[in-house]
Amino acid sequence: MKKNFLEINNVTFSASSQNKINNVSLTIENQGDIVCLLGPSGIGKTTILRTIAGLEKNNSGTITLKDRILSSKEIQVEPEDRNIAMAFQDNSLFPHYNVFDNIKFGAERNKNKKKGLEINEIIKLLHIENIKDKYPHQISSGEAQRASLARSLLSNPDLLLLDEPLSNIDQNFKEEIQVMLKQILTEQKITTIIVTHDSYEAFYLGNKCGIILDGHLKQYDDPYNIYHFPNSIEVVNFLNRGTLIEAKVTGENSLESNDLGKITGDFIKHYPKGSNVKLLLQPEDLEHDDASDLKLKVVDRKFRGTNFIYTLKTSSDKLISVFVHSHHIHQHEIEEKFGIKRPIHIDHIVCF
């Protein structure tokens, strides 16, 4: 039977009595997989990383890496013996080393291990050539994050832990760094757990994503399923990617909404005919049609480059969002009427 690369079984991560994530179980199956953890600030995501790294004690359950128990109630392998690298959100560079020597420190940890990235290669990939001779107090927080990331990558760990690794990087530069980071992690097969507050970042980087809410791991799945098939209203509200509207199940593949009329599609979960449910509507579920007899009032419009996001108000004052390609000729203004194509068909109907 194939062993998982990392196993966390029934571990309660605790930084204090008020800050706990209870009975967490998750696995990383393969070397090189990337897991992203999402959740509100202050919920304890960083505590998870610190406990896996050995910087916090684990008093319940087990953490096993490459079939070796690192943490349990009885066993506590010291951080320096785990071959785990962690890049903190805040500047963790050595203040008396310049950037190049800070990065070199990671490479020296790897000198007796398999060959990985070269120092100058990682410096070029992360665009820090122009700051390599500077000291940490002379560079920006975003530059410090990239230097810390380079140092961690060069140490070639069995497991890399990244705490909000791109939070201080300018938005116009962040996407390029995300691409570079994913490329490096994939090519080098560096198994990684990333804590982030950015769901787009998590969905891009992660093979799996975990949603942490109210002291529990609410959902652990691949990004597509987390987005399209959230398993609870709490996850829907956290991701803020859709609206829940009242509806009644009218058949095996249909339901009725007072605001939108008949809707057909495949239910993810069976509900008896006549059931009152909350239907999840995501912006891509509805289509625009100027000729439709179902028209809703526009209350907001956001331009996102490739598309517009229109916010519409229903007859019951519910707000729903709809994507429209930005090349669509007819742009609707606030207070105008906006047509919704009928019949409405949603491939996967998610209800609660």
# chains A, B, ... in the order shown; residues from 1 in each chain; ligands from 1

$ residues_around --residues "region 272-274 of chain A" --least-positions-apart "6" --cutoff "6 Å" --atoms "only C-alpha atoms" --output "VMD selection string"
chain A and resid 248 to 251

$ residues_around --residues "Ile128 (chain A)" --least-positions-apart "5" --cutoff "10 Å" --atoms "only C-alpha atoms" --output "PDB file with C-alpha atoms, in the first residue's frame"
ATOM      1  CA  VAL A  99      20.629  39.714   0.688  1.00  0.00           C
ATOM      2  CA  PHE A 100      23.034  37.494  -1.250  1.00  0.00           C
ATOM      3  CA  ASN A 120      22.083  33.095  -9.249  1.00  0.00           C
ATOM      4  CA  ILE A 122      16.819  31.769  -8.122  1.00  0.00           C
ATOM      5  CA  ILE A 123      17.926  35.399  -7.744  1.00  0.00           C
ATOM      6  CA  ASP A 133      24.272  43.540  -2.132  1.00  0.00           C
ATOM      7  CA  GLU A 143      11.837  42.492  -1.629  1.00  0.00           C
ATOM      8  CA  ALA A 144      12.536  40.957   1.779  1.00  0.00           C
ATOM      9  CA  ARG A 146      11.264  37.389  -2.125  1.00  0.00           C
ATOM     10  CA  ALA A 147      14.734  37.058  -0.573  1.00  0.00           C
ATOM     11  CA  ALA A 150      14.699  32.319  -2.283  1.00  0.00           C
TER      12      ALA A 150
END

$ select_by_dssp --residues "region 92-320 of chain A" --states "strand (DSSP E)" --output "ChimeraX atom specification"
/A:159-163,191-196,208-213,216-221,243-251,254-257,261-267,276-281,295-303,307-313,319-320

$ residues_around --residues "region 11-27 of chain A" --least-positions-apart "3" --cutoff "12 Å" --atoms "only C-alpha atoms" --output "number ranges by chain"
A: 3-8, 30-31, 33-37, 39, 41-52, 54-66, 71-73, 191, 193, 207-221

$ residues_around --residues "His328 (chain A)" --least-positions-apart "5" --cutoff "12 Å" --atoms "only C-alpha atoms" --output "list in words"
His288, Asp289, Asp290, Thr306, Asn307, Phe308 and Phe323 of chain A

$ write_last_selection --atoms "N, CA and C atoms" --output "PDB file, in the first residue's frame"
ATOM      1  N   HIS A 288     -26.507  36.728 -19.881  1.00  0.00           N
ATOM      2  CA  HIS A 288     -27.159  37.977 -20.258  1.00  0.00           C
ATOM      3  C   HIS A 288     -27.898  37.807 -21.581  1.00  0.00           C
ATOM      4  N   ASP A 289     -29.092  38.394 -21.671  1.00  0.00           N
ATOM      5  CA  ASP A 289     -29.852  38.354 -22.919  1.00  0.00           C
ATOM      6  C   ASP A 289     -30.731  39.610 -22.976  1.00  0.00           C
ATOM      7  N   ASP A 290     -30.375  40.535 -23.869  1.00  0.00           N
ATOM      8  CA  ASP A 290     -31.134  41.788 -23.967  1.00  0.00           C
ATOM      9  C   ASP A 290     -32.594  41.546 -24.348  1.00  0.00           C
ATOM     10  N   THR A 306     -11.215  41.679 -18.631  1.00  0.00           N
ATOM     11  CA  THR A 306     -11.803  40.698 -19.558  1.00  0.00           C
ATOM     12  C   THR A 306     -13.313  40.628 -19.442  1.00  0.00           C
ATOM     13  N   ASN A 307     -13.867  41.128 -18.336  1.00  0.00           N
ATOM     14  CA  ASN A 307     -15.315  41.063 -18.173  1.00  0.00           C
ATOM     15  C   ASN A 307     -15.830  42.200 -17.296  1.00  0.00           C
ATOM     16  N   PHE A 308     -17.145  42.374 -17.359  1.00  0.00           N
ATOM     17  CA  PHE A 308     -17.855  43.214 -16.405  1.00  0.00           C
ATOM     18  C   PHE A 308     -18.555  42.298 -15.410  1.00  0.00           C
ATOM     19  N   PHE A 323     -21.539  37.689 -14.762  1.00  0.00           N
ATOM     20  CA  PHE A 323     -20.401  38.025 -15.610  1.00  0.00           C
ATOM     21  C   PHE A 323     -20.886  38.312 -17.029  1.00  0.00           C
TER      22      PHE A 323
END

$ closest_residue --among "A:Ser140, A:Asn225, A:Asn10, A:Gln145" --to "Phe203 (chain A)" --atoms "only C-alpha atoms"
A:Asn225

$ select_by_dssp --residues "region 26-242 of chain A" --states "alpha helix (DSSP H)" --output "PyMOL selection string"
chain A and resi 45-53+99-109+119-125+141-154+171-188+199-205+223-228+233-239

$ residues_around --residues "Leu312 (chain A)" --least-positions-apart "2" --cutoff "12 Å" --atoms "only C-alpha atoms" --output "PyMOL selection string"
chain A and resi 243+259-260+283+286+288+294-302+309-310+314-323+332-340

$ write_last_selection --atoms "N, CA and C atoms" --output "mmCIF file, in the first residue's frame"
data_model
loop_
_atom_site.group_PDB
_atom_site.id
_atom_site.type_symbol
_atom_site.label_atom_id
_atom_site.label_comp_id
_atom_site.auth_asym_id
_atom_site.auth_seq_id
_atom_site.Cartn_x
_atom_site.Cartn_y
_atom_site.Cartn_z
ATOM 1 N N THR A 243 -24.327 34.015 -4.346
ATOM 2 C CA THR A 243 -25.458 34.452 -3.538
ATOM 3 C C THR A 243 -26.389 33.274 -3.312
ATOM 4 N N ASP A 259 -37.925 34.803 -7.698
ATOM 5 C CA ASP A 259 -37.202 35.885 -8.376
ATOM 6 C C ASP A 259 -36.843 35.557 -9.811
ATOM 7 N N LEU A 260 -36.504 34.287 -10.087
ATOM 8 C CA LEU A 260 -35.947 33.936 -11.398
ATOM 9 C C LEU A 260 -36.790 32.939 -12.184
ATOM 10 N N PRO A 283 -21.627 33.997 -10.232
ATOM 11 C CA PRO A 283 -21.732 34.954 -11.336
ATOM 12 C C PRO A 283 -21.740 34.335 -12.725
ATOM 13 N N LEU A 286 -25.532 32.528 -14.637
ATOM 14 C CA LEU A 286 -26.581 33.177 -15.423
ATOM 15 C C LEU A 286 -25.983 33.822 -16.664
ATOM 16 N N HIS A 288 -26.507 36.728 -19.881
ATOM 17 C CA HIS A 288 -27.159 37.977 -20.258
ATOM 18 C C HIS A 288 -27.898 37.807 -21.581
ATOM 19 N N LEU A 294 -37.209 38.392 -18.678
ATOM 20 C CA LEU A 294 -36.821 38.490 -17.269
ATOM 21 C C LEU A 294 -35.763 39.583 -17.149
ATOM 22 N N LYS A 295 -36.172 40.719 -16.608
ATOM 23 C CA LYS A 295 -35.249 41.852 -16.515
ATOM 24 C C LYS A 295 -35.133 42.314 -15.063
ATOM 25 N N LEU A 296 -33.875 42.547 -14.637
ATOM 26 C CA LEU A 296 -33.579 42.981 -13.278
ATOM 27 C C LEU A 296 -32.826 44.303 -13.326
ATOM 28 N N LYS A 297 -32.941 45.062 -12.250
ATOM 29 C CA LYS A 297 -32.330 46.395 -12.222
ATOM 30 C C LYS A 297 -30.846 46.311 -11.881
ATOM 31 N N VAL A 298 -30.013 47.063 -12.619
ATOM 32 C CA VAL A 298 -28.575 47.147 -12.356
ATOM 33 C C VAL A 298 -28.344 48.101 -11.186
ATOM 34 N N VAL A 299 -27.636 47.625 -10.166
ATOM 35 C CA VAL A 299 -27.305 48.499 -9.031
ATOM 36 C C VAL A 299 -25.805 48.761 -8.931
ATOM 37 N N ASP A 300 -25.010 47.990 -9.674
ATOM 38 C CA ASP A 300 -23.562 48.225 -9.658
ATOM 39 C C ASP A 300 -22.938 47.555 -10.874
ATOM 40 N N ARG A 301 -21.795 48.086 -11.314
ATOM 41 C CA ARG A 301 -21.060 47.492 -12.435
ATOM 42 C C ARG A 301 -19.576 47.658 -12.185
ATOM 43 N N LYS A 302 -18.859 46.550 -12.235
ATOM 44 C CA LYS A 302 -17.411 46.578 -12.057
ATOM 45 C C LYS A 302 -16.743 46.130 -13.345
ATOM 46 N N ILE A 309 -18.670 42.749 -14.181
ATOM 47 C CA ILE A 309 -19.508 42.067 -13.201
ATOM 48 C C ILE A 309 -20.651 43.008 -12.868
ATOM 49 N N TYR A 310 -21.857 42.610 -13.277
ATOM 50 C CA TYR A 310 -23.041 43.396 -12.977
ATOM 51 C C TYR A 310 -23.692 42.866 -11.703
ATOM 52 N N THR A 314 -33.116 41.743 -7.423
ATOM 53 C CA THR A 314 -34.306 40.979 -7.782
ATOM 54 C C THR A 314 -35.551 41.648 -7.193
ATOM 55 N N SER A 315 -36.716 41.076 -7.506
ATOM 56 C CA SER A 315 -37.973 41.639 -7.001
ATOM 57 C C SER A 315 -38.078 41.557 -5.485
ATOM 58 N N SER A 316 -37.327 40.619 -4.877
ATOM 59 C CA SER A 316 -37.337 40.497 -3.415
ATOM 60 C C SER A 316 -36.137 41.203 -2.785
ATOM 61 N N ASP A 317 -35.493 42.088 -3.567
ATOM 62 C CA ASP A 317 -34.350 42.892 -3.113
ATOM 63 C C ASP A 317 -33.090 42.065 -2.835
ATOM 64 N N LYS A 318 -33.006 40.888 -3.428
ATOM 65 C CA LYS A 318 -31.788 40.076 -3.333
ATOM 66 C C LYS A 318 -30.802 40.584 -4.377
ATOM 67 N N LEU A 319 -29.510 40.633 -4.007
ATOM 68 C CA LEU A 319 -28.482 41.082 -4.948
ATOM 69 C C LEU A 319 -27.766 39.877 -5.532
ATOM 70 N N ILE A 320 -27.733 39.793 -6.859
ATOM 71 C CA ILE A 320 -27.022 38.701 -7.532
ATOM 72 C C ILE A 320 -26.055 39.299 -8.542
ATOM 73 N N SER A 321 -24.969 38.563 -8.825
ATOM 74 C CA SER A 321 -23.935 39.040 -9.751
ATOM 75 C C SER A 321 -23.911 38.190 -11.012
ATOM 76 N N VAL A 322 -23.605 38.841 -12.135
ATOM 77 C CA VAL A 322 -23.541 38.162 -13.431
ATOM 78 C C VAL A 322 -22.304 38.648 -14.184
ATOM 79 N N PHE A 323 -21.539 37.689 -14.762
ATOM 80 C CA PHE A 323 -20.401 38.025 -15.610
ATOM 81 C C PHE A 323 -20.886 38.312 -17.029
ATOM 82 N N HIS A 332 -24.604 48.251 -19.790
ATOM 83 C CA HIS A 332 -25.759 48.715 -19.039
ATOM 84 C C HIS A 332 -25.326 49.655 -17.926
ATOM 85 N N GLU A 333 -26.059 50.727 -17.760
ATOM 86 C CA GLU A 333 -25.763 51.714 -16.732
ATOM 87 C C GLU A 333 -26.546 51.392 -15.460
ATOM 88 N N ILE A 334 -26.144 52.013 -14.357
ATOM 89 C CA ILE A 334 -26.852 51.873 -13.092
ATOM 90 C C ILE A 334 -28.303 52.311 -13.286
ATOM 91 N N GLU A 335 -29.232 51.555 -12.694
ATOM 92 C CA GLU A 335 -30.676 51.777 -12.752
ATOM 93 C C GLU A 335 -31.311 51.239 -14.031
ATOM 94 N N GLU A 336 -30.524 50.877 -15.029
ATOM 95 C CA GLU A 336 -31.108 50.279 -16.237
ATOM 96 C C GLU A 336 -31.560 48.856 -15.950
ATOM 97 N N LYS A 337 -32.384 48.325 -16.882
ATOM 98 C CA LYS A 337 -32.831 46.934 -16.793
ATOM 99 C C LYS A 337 -31.860 46.029 -17.550
ATOM 100 N N PHE A 338 -31.667 44.832 -17.013
ATOM 101 C CA PHE A 338 -30.672 43.880 -17.517
ATOM 102 C C PHE A 338 -31.383 42.545 -17.696
ATOM 103 N N GLY A 339 -31.326 42.009 -18.923
ATOM 104 C CA GLY A 339 -32.043 40.767 -19.212
ATOM 105 C C GLY A 339 -31.262 39.516 -18.847
ATOM 106 N N ILE A 340 -31.956 38.532 -18.254
ATOM 107 C CA ILE A 340 -31.391 37.223 -17.918
ATOM 108 C C ILE A 340 -31.962 36.181 -18.876
#

$ residues_around --residues "region 200-202 of chain A" --least-positions-apart "3" --cutoff "12 Å" --atoms "only C-alpha atoms" --output "MDAnalysis selection string"
chainID A and resid 34:39 164:167 171 174:179 181:182 193:197 205:211 221:224 226:227 239:241

$ residues_around --residues "Ile268 (chain A)" --least-positions-apart "6" --cutoff "9 Å" --atoms "only C-alpha atoms" --output "list in words"
Phe229, His348, Ile349, Val350 and Cys351 of chain A
